[in-house]
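S.K.: Sharing a structure below in structure tokens format, with a few things to ask.
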Amino acid sequence: MQRIILFALSLLAFSCLNLNSAFAQTDQSDYLKLTNEHRDDVEVLAVSPNGKYLATGSWDHTITVYRKDSSYEWMSTLRNHRSAVTCLTFSRDSKYLMSGSNDYRTVVWKLTEEEHDFQIDTVFENVHNSPITDVLIGPGMRMFYTSGADGKVVAFDRMKKKARTIDNKSPIQSIALSTNRRFVFVT
């Protein structure tokens, strides 16, 4: 777990500094260099729970996915957003990637059977009236959660194909789910 935290901090520094490459710390003395495949600033990153994938979202409207074999190498560039990608998360089994954007849309991407790419699984449109600020995939892939600057949290039940909206009345930056799945926390 400490490796992922150090990894994320290194890439966040990269995003803020707008360098042409990122450095990810894999232990206290070894650094791994990643090439920046984006044409604009990196806004967000996510590391899959199994540690095999790293995804970065950018103001260039794309998501770059890196796969770890012996090191993290470019795997694919995902294109479906019309504005900056603002949030990313992987499912617990690392087979799904969820992205939110300033285009008010949320996209769920599924890892192909061959594990060579992520393809669009579901697109949620017209559920927020503002940029998406955070995304969350519930345990078991049944529930998807999004938050927006419009103050709403939307919970999508994948099995029932229904959505429930909770209106906070003020902008939401991030969401978290309690371990018993009964509470959604917002900031």
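Naming scheme: A, B, ... for chains in displayed order of the structure tokens; residues 1 onward per chain; ligands 1 onward as shown.
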Using DSSP on the backbone, list every residue of chain A that comes out as helix (DSSP H, G or I), and give them as a PDB file with N, CA, C and O atoms, in the first residue's frame.
M.R.:
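What landed in result34.pdb:
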ATOM      1  N   GLN A   2       1.950   1.258   0.721  1.00  0.00           N
ATOM      2  CA  GLN A   2       2.816   2.432   0.758  1.00  0.00           C
ATOM      3  C   GLN A   2       3.380   2.737  -0.620  1.00  0.00           C
ATOM      4  O   GLN A   2       3.510   3.899  -0.992  1.00  0.00           O
ATOM      5  N   ARG A   3       3.652   1.709  -1.421  1.00  0.00           N
ATOM      6  CA  ARG A   3       4.171   1.939  -2.764  1.00  0.00           C
ATOM      7  C   ARG A   3       3.185   2.726  -3.608  1.00  0.00           C
ATOM      8  O   ARG A   3       3.563   3.615  -4.347  1.00  0.00           O
ATOM      9  N   ILE A   4       1.902   2.417  -3.491  1.00  0.00           N
ATOM     10  CA  ILE A   4       0.889   3.113  -4.285  1.00  0.00           C
ATOM     11  C   ILE A   4       0.780   4.559  -3.852  1.00  0.00           C
ATOM     12  O   ILE A   4       0.714   5.460  -4.657  1.00  0.00           O
ATOM     13  N   ILE A   5       0.806   4.820  -2.558  1.00  0.00           N
ATOM     14  CA  ILE A   5       0.715   6.189  -2.070  1.00  0.00           C
ATOM     15  C   ILE A   5       1.905   7.011  -2.558  1.00  0.00           C
ATOM     16  O   ILE A   5       1.736   8.103  -3.075  1.00  0.00           O
ATOM     17  N   LEU A   6       3.098   6.475  -2.464  1.00  0.00           N
ATOM     18  CA  LEU A   6       4.275   7.188  -2.956  1.00  0.00           C
ATOM     19  C   LEU A   6       4.164   7.399  -4.466  1.00  0.00           C
ATOM     20  O   LEU A   6       4.508   8.443  -4.990  1.00  0.00           O
ATOM     21  N   PHE A   7       3.659   6.395  -5.159  1.00  0.00           N
ATOM     22  CA  PHE A   7       3.481   6.456  -6.601  1.00  0.00           C
ATOM     23  C   PHE A   7       2.536   7.599  -6.967  1.00  0.00           C
ATOM     24  O   PHE A   7       2.827   8.415  -7.805  1.00  0.00           O
ATOM     25  N   ALA A   8       1.404   7.664  -6.283  1.00  0.00           N
ATOM     26  CA  ALA A   8       0.413   8.698  -6.571  1.00  0.00           C
ATOM     27  C   ALA A   8       0.968  10.078  -6.287  1.00  0.00           C
ATOM     28  O   ALA A   8       0.778  11.000  -7.072  1.00  0.00           O
ATOM     29  N   LEU A   9       1.659  10.248  -5.190  1.00  0.00           N
ATOM     30  CA  LEU A   9       2.208  11.559  -4.868  1.00  0.00           C
ATOM     31  C   LEU A   9       3.209  12.012  -5.917  1.00  0.00           C
ATOM     32  O   LEU A   9       3.244  13.178  -6.287  1.00  0.00           O
ATOM     33  N   SER A  10       3.986  11.096  -6.419  1.00  0.00           N
ATOM     34  CA  SER A  10       4.950  11.458  -7.453  1.00  0.00           C
ATOM     35  C   SER A  10       4.244  11.942  -8.711  1.00  0.00           C
ATOM     36  O   SER A  10       4.634  12.927  -9.314  1.00  0.00           O
ATOM     37  N   LEU A  11       3.189  11.259  -9.122  1.00  0.00           N
ATOM     38  CA  LEU A  11       2.484  11.657 -10.328  1.00  0.00           C
ATOM     39  C   LEU A  11       1.674  12.929 -10.125  1.00  0.00           C
ATOM     40  O   LEU A  11       1.525  13.724 -11.031  1.00  0.00           O
ATOM     41  N   LEU A  12       1.165  13.139  -8.921  1.00  0.00           N
ATOM     42  CA  LEU A  12       0.454  14.383  -8.663  1.00  0.00           C
ATOM     43  C   LEU A  12       1.410  15.563  -8.774  1.00  0.00           C
ATOM     44  O   LEU A  12       1.063  16.605  -9.305  1.00  0.00           O
ATOM     45  N   ALA A  13       2.607  15.388  -8.302  1.00  0.00           N
ATOM     46  CA  ALA A  13       3.607  16.443  -8.450  1.00  0.00           C
ATOM     47  C   ALA A  13       3.864  16.689  -9.931  1.00  0.00           C
ATOM     48  O   ALA A  13       3.987  17.820 -10.368  1.00  0.00           O
ATOM     49  N   PHE A  14       3.906  15.612 -10.711  1.00  0.00           N
ATOM     50  CA  PHE A  14       4.080  15.728 -12.157  1.00  0.00           C
ATOM     51  C   PHE A  14       2.948  16.559 -12.758  1.00  0.00           C
ATOM     52  O   PHE A  14       3.171  17.448 -13.543  1.00  0.00           O
ATOM     53  N   SER A  15       1.733  16.293 -12.339  1.00  0.00           N
ATOM     54  CA  SER A  15       0.583  17.006 -12.877  1.00  0.00           C
ATOM     55  C   SER A  15       0.673  18.495 -12.575  1.00  0.00           C
ATOM     56  O   SER A  15       0.438  19.324 -13.427  1.00  0.00           O
ATOM     57  N   CYS A  16       1.023  18.825 -11.361  1.00  0.00           N
ATOM     58  CA  CYS A  16       1.103  20.229 -10.970  1.00  0.00           C
ATOM     59  C   CYS A  16       2.249  20.955 -11.669  1.00  0.00           C
ATOM     60  O   CYS A  16       2.144  22.121 -12.000  1.00  0.00           O
ATOM     61  N   LEU A  17       3.347  20.247 -11.886  1.00  0.00           N
ATOM     62  CA  LEU A  17       4.514  20.862 -12.497  1.00  0.00           C
ATOM     63  C   LEU A  17       4.462  20.858 -14.022  1.00  0.00           C
ATOM     64  O   LEU A  17       5.232  21.536 -14.669  1.00  0.00           O
ATOM     65  N   PRO A 139     -18.825  -2.192  -4.080  1.00  0.00           N
ATOM     66  CA  PRO A 139     -18.412  -3.601  -4.061  1.00  0.00           C
ATOM     67  C   PRO A 139     -19.359  -4.454  -4.895  1.00  0.00           C
ATOM     68  O   PRO A 139     -20.562  -4.221  -4.918  1.00  0.00           O
ATOM     69  N   GLY A 140     -18.821  -5.410  -5.612  1.00  0.00           N
ATOM     70  CA  GLY A 140     -19.635  -6.298  -6.431  1.00  0.00           C
ATOM     71  C   GLY A 140     -20.081  -5.709  -7.753  1.00  0.00           C
ATOM     72  O   GLY A 140     -20.840  -6.333  -8.483  1.00  0.00           O
ATOM     73  N   MET A 141     -19.652  -4.480  -8.059  1.00  0.00           N
ATOM     74  CA  MET A 141     -19.975  -3.828  -9.332  1.00  0.00           C
ATOM     75  C   MET A 141     -21.470  -3.596  -9.515  1.00  0.00           C
ATOM     76  O   MET A 141     -21.928  -3.365 -10.619  1.00  0.00           O
TER      77      MET A 141
END
S.K.: In terms of the shortest atom-to-atom distance over only C-alpha atoms, which of A:Thr146, A:Gln119, A:Asn36, A:Ser83 is closest to Leu177 of chain A?
M.R.: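 Of A:Thr146, A:Gln119, A:Asn36, A:Ser83, the one nearest Leu177 of chain A, counting only C-alpha atoms, is A:Thr146.
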S.K.: Which residue, A:Lys169, A:His128, A:His61, A:Arg158, has the smallest gap to Val108 of chain A when you use only C-alpha atoms?
M.R.: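 Closest to Val108 of chain A, using only C-alpha atoms: A:Arg158.
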S.K.: Skipping near chain neighbours, those fewer than 6 positions away, what residues fall within 8 Å of Glu43 of chain A using only C-alpha atoms, listed as a ChimeraX atom specification?
M.R.: /A:15,56-59,84-87
S.K.: Restricting the output to N, CA, C and O atoms, write the selected residues as a tab-separated table (two decimals), in the first residue's frame.
M.R.:
chain	number	residue	atom	x	y	z
A	15	SER	N	1.73	16.29	-12.34
A	15	SER	CA	0.58	17.01	-12.88
A	15	SER	C	0.67	18.49	-12.58
A	15	SER	O	0.44	19.32	-13.43
A	56	THR	N	-4.30	7.72	-16.18
A	56	THR	CA	-4.22	9.16	-15.98
A	56	THR	C	-5.27	9.83	-16.85
A	56	THR	O	-5.50	9.43	-18.00
A	57	GLY	N	-5.93	10.85	-16.29
A	57	GLY	CA	-6.93	11.61	-17.03
A	57	GLY	C	-6.42	13.02	-17.24
A	57	GLY	O	-5.76	13.58	-16.37
A	58	SER	N	-6.74	13.61	-18.38
A	58	SER	CA	-6.12	14.87	-18.76
A	58	SER	C	-7.12	15.90	-19.26
A	58	SER	O	-8.26	15.59	-19.63
A	59	TRP	N	-6.63	17.14	-19.32
A	59	TRP	CA	-7.38	18.24	-19.92
A	59	TRP	C	-7.49	18.07	-21.44
A	59	TRP	O	-8.23	18.79	-22.08
A	84	ALA	N	-12.24	17.99	-20.10
A	84	ALA	CA	-11.22	17.46	-19.20
A	84	ALA	C	-11.75	16.29	-18.38
A	84	ALA	O	-12.87	16.32	-17.88
A	85	VAL	N	-10.92	15.26	-18.23
A	85	VAL	CA	-11.24	14.12	-17.37
A	85	VAL	C	-10.85	14.52	-15.95
A	85	VAL	O	-9.69	14.85	-15.69
A	86	THR	N	-11.83	14.52	-15.04
A	86	THR	CA	-11.62	15.06	-13.69
A	86	THR	C	-11.51	14.02	-12.60
A	86	THR	O	-11.05	14.31	-11.51
A	87	CYS	N	-11.97	12.79	-12.86
A	87	CYS	CA	-11.91	11.76	-11.82
A	87	CYS	C	-11.88	10.37	-12.45
A	87	CYS	O	-12.44	10.15	-13.53
S.K.: Going by DSSP on the backbone, which bits of segment 58-174 of chain A are strand (DSSP E or B)? Write them as a VMD selection string, please.
M.R.: chain A and resid 58 62 to 68 72 to 79 85 to 90 96 to 101 106 to 111 118 to 124 132 to 137 143 to 148 152 to 157 162 to 167
S.K.: Taking 2 positions as the minimum chain separation for residues in the same chain, which residues sit within 6 Å of Leu97 of chain A when counting only C-alpha atoms? Answer as a ChimeraX atom specification.
M.R.: /A:89-90,108-109
S.K.: Could you work out how far atom CA of Val107 of chain A lies from atom CA of Ser91 of chain A, giving the answer in Å with one decimal?
M.R.: 13.1 Å
S.K.: Pick from A:Lys162, A:Arg67, A:Arg182, A:Arg92: nearest to Leu136 of chain A, with only C-alpha atoms counted?
M.R.: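 Counting only C-alpha atoms, the residue closest to Leu136 of chain A is A:Arg92.
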S.K.: Tell me, as a PyMOL selection string, which residues lie within 10 Å of Val186 of chain A, counting only C-alpha atoms; anything in the same chain fewer than 5 positions away does not count.
M.R.: chain A and resi 134+147+151-153+168+171-177
S.K.: Between atom CA of Thr112 of chain A and atom CA of Glu37 of chain A, what is the distance, to one decimal in Å?
M.R.: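 Here the two named atoms are 21.2 Å from each other.
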S.K.: Quote the spacing between atom CA of Arg79 of chain A and atom CA of Val135 of chain A in Å to one decimal place.
M.R.: 17.7 Å
S.K.: Within 9 Å of Lys52 of chain A, counting only C-alpha atoms, which residues qualify if same-chain residues fewer than 4 places away don't, as a ChimeraX atom specification?
M.R.: /A:47-48,66-69,72,94
S.K.: Between A:Ala155, A:Arg142, A:His81, A:Asp150, which residue has the minimum interatomic distance to Ile120 of chain A, considering only C-alpha atoms?
M.R.: A:His81
S.K.: Hey, which of A:Ile63, A:Val184, A:Leu111, A:Ile132 ends up closest to Lys95 of chain A? Count only C-alpha atoms.
M.R.: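 Of the candidates, the smallest distance to Lys95 of chain A is held by A:Leu111.
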